[in-house]
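This report concerns only the one structure given below.
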Amino acid sequence: QVQLVESGGGLVQTGGSLRLSCAASGSFFSSYGMGWFRQAPGKEREFVAGISRSGGGTNYADSVQGRFSISRDNPKATVYLQMNSLEPEDTAVYYCAAAFVRAYFGGSYVPHPAEYDYWGQGTQVTVSS
């Protein structure tokens with residue numbers, strides 16, 4: 001199992017930047033693909049970005065492509081989400097998630113959004129207009 005704790009959320013103006021962090025504890029962080037999701041008030045949770053076990057593979061939702069960047073530091077057991085050019089529509093609670101990836105998938109496999117089964121408690125991001 002893996003436990004996840006997000007940090008770095010806050011209030012920022014339109015066009016600003018934030019970096020979210022997600023610290024993982026438990027066993028074998030490098031065995032997990034990692035992802036970020038978000039949920040705005042009155043909306044369903046949506047996928048934002050994912051990264052493979054090695055960090056060699058990433059994917060993004062169309063709405064954040066080119067503005068957000070996901071990365072990971074396996075020795076520190078931490079995954080990051082760098083968010084630039086923030087817009088009011090990015091306002092949401094952001095959740096870190098983990099998906100165990102079997103070795104035969106290789107280090108570049110990015111989990112499908114439905115595969116994530118460990119979740120953090122979330123961190124609020126508010127973008128003011």
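Ligands are numbered from 1 in the order shown, residues from 1 within each chain, and chains are lettered A, B, ... in the order they appear in the structure tokens.
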query: Hey, what's within 10 Å of Thr126 in chain A if we count only C-alpha atoms and toss same-chain stuff fewer than 5 positions away? As a ChimeraX atom specification, please?
result: /A:9-14,40,86-93
If we count only C-alpha atoms and set the cut-off at 9 Å, which residues sit around Leu20 in chain A, ignoring sequence neighbours fewer than 5 positions away in its own chain? Please answer as a ChimeraX atom specification. /A:6-9,79-83,94,123
Just want the 10 Å neighbourhood of Phe68 in chain A, counted on only C-alpha atoms, with same-chain residues fewer than 5 positions away dropped. Output as a PyMOL selection string.
chain A and resi 17-19+48-49+60-61+63+81-86
Which of range 22-115 of chain A end up as helix (DSSP H, G or I) when DSSP is run on this backbone - answer as a list of chain:residue names?
A:Phe29, A:Ser30, A:Ser31, A:Pro88, A:Glu89, A:Asp90, A:Ala103, A:Tyr104, A:Phe105, A:Pro113, A:Ala114, A:Glu115
Please dump the current selection as a PDB file, in the first residue's frame; keep N, CA, C and O atoms.
```
ATOM      1  N   PHE A  29       7.719   2.983  -3.938  1.00  0.00           N
ATOM      2  CA  PHE A  29       7.117   4.094  -4.677  1.00  0.00           C
ATOM      3  C   PHE A  29       7.341   3.944  -6.175  1.00  0.00           C
ATOM      4  O   PHE A  29       6.459   4.249  -6.980  1.00  0.00           O
ATOM      5  N   SER A  30       8.508   3.467  -6.562  1.00  0.00           N
ATOM      6  CA  SER A  30       8.835   3.370  -7.984  1.00  0.00           C
ATOM      7  C   SER A  30       8.054   2.273  -8.699  1.00  0.00           C
ATOM      8  O   SER A  30       8.188   2.117  -9.913  1.00  0.00           O
ATOM      9  N   SER A  31       7.243   1.524  -7.977  1.00  0.00           N
ATOM     10  CA  SER A  31       6.379   0.524  -8.588  1.00  0.00           C
ATOM     11  C   SER A  31       5.016   1.094  -8.971  1.00  0.00           C
ATOM     12  O   SER A  31       4.180   0.369  -9.518  1.00  0.00           O
ATOM     13  N   PRO A  88      -9.180  30.782 -14.108  1.00  0.00           N
ATOM     14  CA  PRO A  88     -10.241  30.519 -13.122  1.00  0.00           C
ATOM     15  C   PRO A  88     -10.853  29.121 -13.262  1.00  0.00           C
ATOM     16  O   PRO A  88     -11.253  28.519 -12.256  1.00  0.00           O
ATOM     17  N   GLU A  89     -10.884  28.601 -14.482  1.00  0.00           N
ATOM     18  CA  GLU A  89     -11.442  27.271 -14.719  1.00  0.00           C
ATOM     19  C   GLU A  89     -10.588  26.162 -14.101  1.00  0.00           C
ATOM     20  O   GLU A  89     -11.019  25.009 -14.026  1.00  0.00           O
ATOM     21  N   ASP A  90      -9.386  26.486 -13.666  1.00  0.00           N
ATOM     22  CA  ASP A  90      -8.528  25.497 -13.006  1.00  0.00           C
ATOM     23  C   ASP A  90      -8.831  25.384 -11.517  1.00  0.00           C
ATOM     24  O   ASP A  90      -8.261  24.536 -10.825  1.00  0.00           O
ATOM     25  N   ALA A 103       5.696  -5.039 -13.346  1.00  0.00           N
ATOM     26  CA  ALA A 103       6.990  -4.810 -14.008  1.00  0.00           C
ATOM     27  C   ALA A 103       6.949  -5.091 -15.502  1.00  0.00           C
ATOM     28  O   ALA A 103       7.618  -4.409 -16.287  1.00  0.00           O
ATOM     29  N   TYR A 104       6.133  -6.068 -15.920  1.00  0.00           N
ATOM     30  CA  TYR A 104       6.169  -6.428 -17.352  1.00  0.00           C
ATOM     31  C   TYR A 104       5.582  -5.349 -18.249  1.00  0.00           C
ATOM     32  O   TYR A 104       5.709  -5.402 -19.470  1.00  0.00           O
ATOM     33  N   PHE A 105       4.923  -4.332 -17.666  1.00  0.00           N
ATOM     34  CA  PHE A 105       4.441  -3.211 -18.483  1.00  0.00           C
ATOM     35  C   PHE A 105       5.569  -2.249 -18.851  1.00  0.00           C
ATOM     36  O   PHE A 105       5.411  -1.414 -19.734  1.00  0.00           O
ATOM     37  N   PRO A 113      -6.667   6.387 -16.497  1.00  0.00           N
ATOM     38  CA  PRO A 113      -7.287   7.044 -15.338  1.00  0.00           C
ATOM     39  C   PRO A 113      -8.118   6.120 -14.445  1.00  0.00           C
ATOM     40  O   PRO A 113      -8.214   6.354 -13.232  1.00  0.00           O
ATOM     41  N   ALA A 114      -8.678   5.075 -15.019  1.00  0.00           N
ATOM     42  CA  ALA A 114      -9.509   4.166 -14.221  1.00  0.00           C
ATOM     43  C   ALA A 114      -8.689   3.215 -13.347  1.00  0.00           C
ATOM     44  O   ALA A 114      -9.253   2.505 -12.508  1.00  0.00           O
ATOM     45  N   GLU A 115      -7.383   3.195 -13.533  1.00  0.00           N
ATOM     46  CA  GLU A 115      -6.543   2.231 -12.820  1.00  0.00           C
ATOM     47  C   GLU A 115      -6.062   2.720 -11.459  1.00  0.00           C
ATOM     48  O   GLU A 115      -5.503   1.950 -10.691  1.00  0.00           O
TER      49      GLU A 115
END
```
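Atom pair CA of Gln1 in chain A / CA of Ser27 in chain A: separated by 6.6 Å.
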Hey, which of A:Ser21, A:Ser71, A:Gln121, A:Ser128 ends up closest to Gly50 in chain A? Count only C-alpha atoms.
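Smallest distance to Gly50 in chain A is found for A:Ser71.
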Using only C-alpha atoms, which protein or nucleic acid residues come within 10 Å of Trp119 in chain A? Drop anything in the same chain fewer than 2 positions from it, and give the result as a PyMOL selection string. chain A and resi 2-6+35-37+95-99+116-117+121-122
Handout entry: Backbone-only DSSP, strand (DSSP E or B) members of range 86-116 of chain A, as a ChimeraX atom specification
Key = /A:92-100
Atoms kept (all heavy atoms) for selection, written as a PDB file, in the first residue's frame:
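Writing done, so here's part01.pdb:
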```pdb
ATOM      1  N   ALA A  92     -10.175  24.150  -8.283  1.00  0.00           N
ATOM      2  CA  ALA A  92     -10.663  22.811  -7.918  1.00  0.00           C
ATOM      3  C   ALA A  92      -9.864  22.301  -6.726  1.00  0.00           C
ATOM      4  O   ALA A  92      -8.842  22.882  -6.352  1.00  0.00           O
ATOM      5  CB  ALA A  92     -10.508  21.845  -9.090  1.00  0.00           C
ATOM      6  N   VAL A  93     -10.336  21.199  -6.181  1.00  0.00           N
ATOM      7  CA  VAL A  93      -9.519  20.420  -5.255  1.00  0.00           C
ATOM      8  C   VAL A  93      -8.704  19.447  -6.104  1.00  0.00           C
ATOM      9  O   VAL A  93      -9.270  18.721  -6.932  1.00  0.00           O
ATOM     10  CB  VAL A  93     -10.371  19.659  -4.234  1.00  0.00           C
ATOM     11  CG1 VAL A  93      -9.487  18.805  -3.334  1.00  0.00           C
ATOM     12  CG2 VAL A  93     -11.191  20.642  -3.399  1.00  0.00           C
ATOM     13  N   TYR A  94      -7.412  19.461  -5.894  1.00  0.00           N
ATOM     14  CA  TYR A  94      -6.512  18.616  -6.664  1.00  0.00           C
ATOM     15  C   TYR A  94      -6.090  17.415  -5.812  1.00  0.00           C
ATOM     16  O   TYR A  94      -5.657  17.566  -4.663  1.00  0.00           O
ATOM     17  CB  TYR A  94      -5.286  19.404  -7.110  1.00  0.00           C
ATOM     18  CG  TYR A  94      -5.584  20.307  -8.282  1.00  0.00           C
ATOM     19  CD1 TYR A  94      -6.373  21.442  -8.138  1.00  0.00           C
ATOM     20  CD2 TYR A  94      -5.095  20.008  -9.553  1.00  0.00           C
ATOM     21  CE1 TYR A  94      -6.676  22.259  -9.213  1.00  0.00           C
ATOM     22  CE2 TYR A  94      -5.388  20.824 -10.646  1.00  0.00           C
ATOM     23  CZ  TYR A  94      -6.173  21.948 -10.459  1.00  0.00           C
ATOM     24  OH  TYR A  94      -6.470  22.750 -11.534  1.00  0.00           O
ATOM     25  N   TYR A  95      -6.203  16.232  -6.428  1.00  0.00           N
ATOM     26  CA  TYR A  95      -5.908  14.989  -5.746  1.00  0.00           C
ATOM     27  C   TYR A  95      -4.743  14.265  -6.423  1.00  0.00           C
ATOM     28  O   TYR A  95      -4.687  14.176  -7.659  1.00  0.00           O
ATOM     29  CB  TYR A  95      -7.118  14.057  -5.773  1.00  0.00           C
ATOM     30  CG  TYR A  95      -8.321  14.578  -5.042  1.00  0.00           C
ATOM     31  CD1 TYR A  95      -9.288  15.326  -5.700  1.00  0.00           C
ATOM     32  CD2 TYR A  95      -8.497  14.311  -3.689  1.00  0.00           C
ATOM     33  CE1 TYR A  95     -10.405  15.805  -5.028  1.00  0.00           C
ATOM     34  CE2 TYR A  95      -9.618  14.780  -3.008  1.00  0.00           C
ATOM     35  CZ  TYR A  95     -10.557  15.530  -3.686  1.00  0.00           C
ATOM     36  OH  TYR A  95     -11.665  15.993  -3.015  1.00  0.00           O
ATOM     37  N   CYS A  96      -3.870  13.753  -5.611  1.00  0.00           N
ATOM     38  CA  CYS A  96      -2.798  12.874  -6.069  1.00  0.00           C
ATOM     39  C   CYS A  96      -3.308  11.439  -6.018  1.00  0.00           C
ATOM     40  O   CYS A  96      -4.082  11.083  -5.109  1.00  0.00           O
ATOM     41  CB  CYS A  96      -1.610  13.055  -5.138  1.00  0.00           C
ATOM     42  SG  CYS A  96      -0.209  11.978  -5.442  1.00  0.00           S
ATOM     43  N   ALA A  97      -2.882  10.617  -6.951  1.00  0.00           N
ATOM     44  CA  ALA A  97      -3.323   9.233  -6.990  1.00  0.00           C
ATOM     45  C   ALA A  97      -2.189   8.319  -7.435  1.00  0.00           C
ATOM     46  O   ALA A  97      -1.265   8.764  -8.123  1.00  0.00           O
ATOM     47  CB  ALA A  97      -4.515   9.084  -7.939  1.00  0.00           C
ATOM     48  N   ALA A  98      -2.293   7.055  -7.038  1.00  0.00           N
ATOM     49  CA  ALA A  98      -1.265   6.072  -7.380  1.00  0.00           C
ATOM     50  C   ALA A  98      -1.910   4.809  -7.925  1.00  0.00           C
ATOM     51  O   ALA A  98      -3.001   4.414  -7.488  1.00  0.00           O
ATOM     52  CB  ALA A  98      -0.421   5.744  -6.146  1.00  0.00           C
ATOM     53  N   ALA A  99      -1.220   4.197  -8.862  1.00  0.00           N
ATOM     54  CA  ALA A  99      -1.676   2.937  -9.445  1.00  0.00           C
ATOM     55  C   ALA A  99      -0.489   1.982  -9.512  1.00  0.00           C
ATOM     56  O   ALA A  99       0.545   2.318 -10.104  1.00  0.00           O
ATOM     57  CB  ALA A  99      -2.247   3.159 -10.837  1.00  0.00           C
ATOM     58  N   PHE A 100      -0.633   0.816  -8.921  1.00  0.00           N
ATOM     59  CA  PHE A 100       0.445  -0.179  -8.989  1.00  0.00           C
ATOM     60  C   PHE A 100       0.574  -0.670 -10.426  1.00  0.00           C
ATOM     61  O   PHE A 100      -0.419  -1.018 -11.071  1.00  0.00           O
ATOM     62  CB  PHE A 100       0.146  -1.343  -8.054  1.00  0.00           C
ATOM     63  CG  PHE A 100       1.197  -2.409  -8.082  1.00  0.00           C
ATOM     64  CD1 PHE A 100       2.407  -2.209  -7.462  1.00  0.00           C
ATOM     65  CD2 PHE A 100       0.987  -3.608  -8.754  1.00  0.00           C
ATOM     66  CE1 PHE A 100       3.393  -3.184  -7.490  1.00  0.00           C
ATOM     67  CE2 PHE A 100       1.955  -4.583  -8.785  1.00  0.00           C
ATOM     68  CZ  PHE A 100       3.165  -4.376  -8.161  1.00  0.00           C
TER      69      PHE A 100
END
```
Contacts of Gly57 in chain A within 8 Å, only C-alpha atoms, excl. fewer than 5 positions in-chain, as a count of residues only: 6
